[in-house]
Amino acid sequence: FDQLDGEIWFNGEFVPWKEAKIHVLTHGLHYASAVFEGERAYGGRIFKLTEHNQRLHQSADILGFKIPYTIEELDEASNELLKRQGFSDAYVRPIAWRGSEQMGVSAQNSRINVAIAIWQWGSYFDPAEKLRGIRLDIADYRRPDPRTAPAKSKAAGLYMICTISKHAAEAKGYADALMLDWRGQVAEATGANIFFVKDGALHTPIPDCFLDGITRRTVIELAKRRGYQVVERVIMPDELSTFSECFLTGSAAEVTPVSEIGPYRFKPGTISENLMKDYVKEVHPVAAAAE
Ligand code: PMP
């Protein structure tokens, strides 16, 4: 990924992609003092850009550091970079981290760096599999108790268990893993939230120890517009056999139907398909403007 062409916005400047480098003694690398975002641009507009940059600021606040650019400056930098990269549909990755000025757990005086990269990233899951519904394993690792980790921050450190879980699932031929939380309740996938369908209503876990995704909130709004009931509640894994449909939501994953979770089977149906269609319409600026 470090050999692409184009530019990266790096601490206020546009630098050639291949030259956007950091030192090996970067605090963020050693101690995970880093927060990031994931966004998608559709038709030249970054969907819910300001909400993502607000969350980036919040994530850093939770980790005890301040991003040295305002939300407006980050919005402007992202839009300018999208133009300079020349993409209309693309993935946007802002990241903020503590630099290499200080080593050790304490790094109060390290510089807070910010970079934004934009590249063309197609479907997060295999497109053919996505239509049939992807297969999920159930992860061994659980989402931590919010008293154990800063669950509301999109912090790089929290992704350690996600990468381990996703790799373990992939090794067994699955596309991703469902993670339970520390209580054993259904939580989310390794990079996306989860929804289920039962008797025409949507059921989704309460996001009290994982991200309340921007896509999750968008899909809840779309579902309500269609008149579907949305129930946010505790979902235990042994209930999975009672649901007819299941799908994931995320800025990268968009709306992705799920066909299997361990021993449980689902069939992408009308509700998943309608919400997939509604989401495509919602994110696309032409359709959004016409409403
Ligand atoms: N949970 C995790 C662990 C994620 O990485 C993501 C993607 N950011 C989500 C949920 C969904 O969040 P969003 O819809 O805001 O992209």
# chains A, B, ... in the order shown; residues from 1 in each chain; ligands from 1

$ residues_around --residues "Ile220 in chain A" --least-positions-apart "5" --cutoff "10 Å" --atoms "only C-alpha atoms" --output "list in words"
Phe195, Leu202, Thr204, Ile214, Thr215, Arg225, Arg226, Tyr228, Gln229, Val230, Val231, Glu232 and Leu275 of chain A

$ residues_near_ligand --ligand "ligand 1" --cutoff "6 Å" --atoms "only C-alpha atoms and all ligand atoms" --output "list in words"
Gly38, Thr190, Gly191, Ala192, Asn193, Leu211, Gly213, Ile214, Thr215, Arg216, Thr249, Gly250 and Ser251 of chain A

$ select_by_dssp --residues "range 169-211 of chain A" --states "strand (DSSP E)" --output "ChimeraX atom specification"
/A:176-180,186-189,193-198,201-204

$ closest_atom_pairs --of "range 105-199 of chain A" --to "range 10-31 of chain A" --cutoff "12 Å" --atoms "only C-alpha atoms" --output "Markdown table"
| residue | atom | partner | partner_atom | distance |
| --- | --- | --- | --- | --- |
| A:Val105 | CA | A:Tyr31 | CA | 6.9 |
| A:Ser106 | CA | A:His27 | CA | 9.4 |
| A:Ala107 | CA | A:His27 | CA | 7.6 |
| A:Gln108 | CA | A:His27 | CA | 10.7 |
| A:Asn109 | CA | A:His27 | CA | 11.1 |
| A:Ser110 | CA | A:His27 | CA | 8.1 |
| A:Arg111 | CA | A:His27 | CA | 9.7 |
| A:Ile112 | CA | A:Asn11 | CA | 9.0 |
| A:Asn113 | CA | A:Asn11 | CA | 6.1 |
| A:Val114 | CA | A:Asn11 | CA | 5.3 |
| A:Ala115 | CA | A:Phe10 | CA | 4.4 |
| A:Ile116 | CA | A:Phe10 | CA | 6.6 |
| A:Ala117 | CA | A:Trp17 | CA | 8.4 |
| A:Ile118 | CA | A:Trp17 | CA | 10.0 |
| A:Trp119 | CA | A:Trp17 | CA | 10.5 |
| A:Ala155 | CA | A:Gly28 | CA | 10.4 |
| A:Ala156 | CA | A:Gly28 | CA | 8.6 |
| A:Gly157 | CA | A:Tyr31 | CA | 8.0 |
| A:Leu158 | CA | A:Tyr31 | CA | 11.7 |
| A:Met160 | CA | A:Tyr31 | CA | 11.8 |

$ residues_around --residues "Lys198 in chain A" --least-positions-apart "4" --cutoff "9 Å" --atoms "only C-alpha atoms" --output "MDAnalysis selection string"
chainID A and resid 202:203 242:245

$ write_last_selection --atoms "N, CA, C and O atoms" --output "PDB file, in the first residue's frame"
ATOM      1  N   LEU A 202     -36.556  -5.198  12.609  1.00  0.00           N
ATOM      2  CA  LEU A 202     -35.090  -5.295  12.745  1.00  0.00           C
ATOM      3  C   LEU A 202     -34.724  -5.380  14.217  1.00  0.00           C
ATOM      4  O   LEU A 202     -35.314  -4.687  15.055  1.00  0.00           O
ATOM      5  N   HIS A 203     -33.743  -6.218  14.498  1.00  0.00           N
ATOM      6  CA  HIS A 203     -33.223  -6.345  15.854  1.00  0.00           C
ATOM      7  C   HIS A 203     -31.720  -6.135  15.789  1.00  0.00           C
ATOM      8  O   HIS A 203     -31.054  -6.712  14.929  1.00  0.00           O
ATOM      9  N   THR A 242     -33.532 -17.961  15.575  1.00  0.00           N
ATOM     10  CA  THR A 242     -34.900 -17.430  15.425  1.00  0.00           C
ATOM     11  C   THR A 242     -34.990 -16.302  14.392  1.00  0.00           C
ATOM     12  O   THR A 242     -36.075 -15.805  14.124  1.00  0.00           O
ATOM     13  N   PHE A 243     -33.829 -15.891  13.826  1.00  0.00           N
ATOM     14  CA  PHE A 243     -33.859 -14.777  12.866  1.00  0.00           C
ATOM     15  C   PHE A 243     -33.864 -15.301  11.428  1.00  0.00           C
ATOM     16  O   PHE A 243     -33.215 -16.311  11.129  1.00  0.00           O
ATOM     17  N   SER A 244     -34.578 -14.581  10.532  1.00  0.00           N
ATOM     18  CA  SER A 244     -34.642 -15.031   9.128  1.00  0.00           C
ATOM     19  C   SER A 244     -33.553 -14.387   8.274  1.00  0.00           C
ATOM     20  O   SER A 244     -33.017 -15.013   7.368  1.00  0.00           O
ATOM     21  N   GLU A 245     -33.259 -13.094   8.528  1.00  0.00           N
ATOM     22  CA  GLU A 245     -32.242 -12.394   7.740  1.00  0.00           C
ATOM     23  C   GLU A 245     -31.206 -11.796   8.693  1.00  0.00           C
ATOM     24  O   GLU A 245     -31.501 -11.563   9.871  1.00  0.00           O
TER      25      GLU A 245
END

$ residues_around --residues "range 253-270 of chain A" --least-positions-apart "6" --cutoff "8 Å" --atoms "only C-alpha atoms" --output "PyMOL selection string"
chain A and resi 123-125+130-138+178+191-192+215+240-241+243-247+276+279
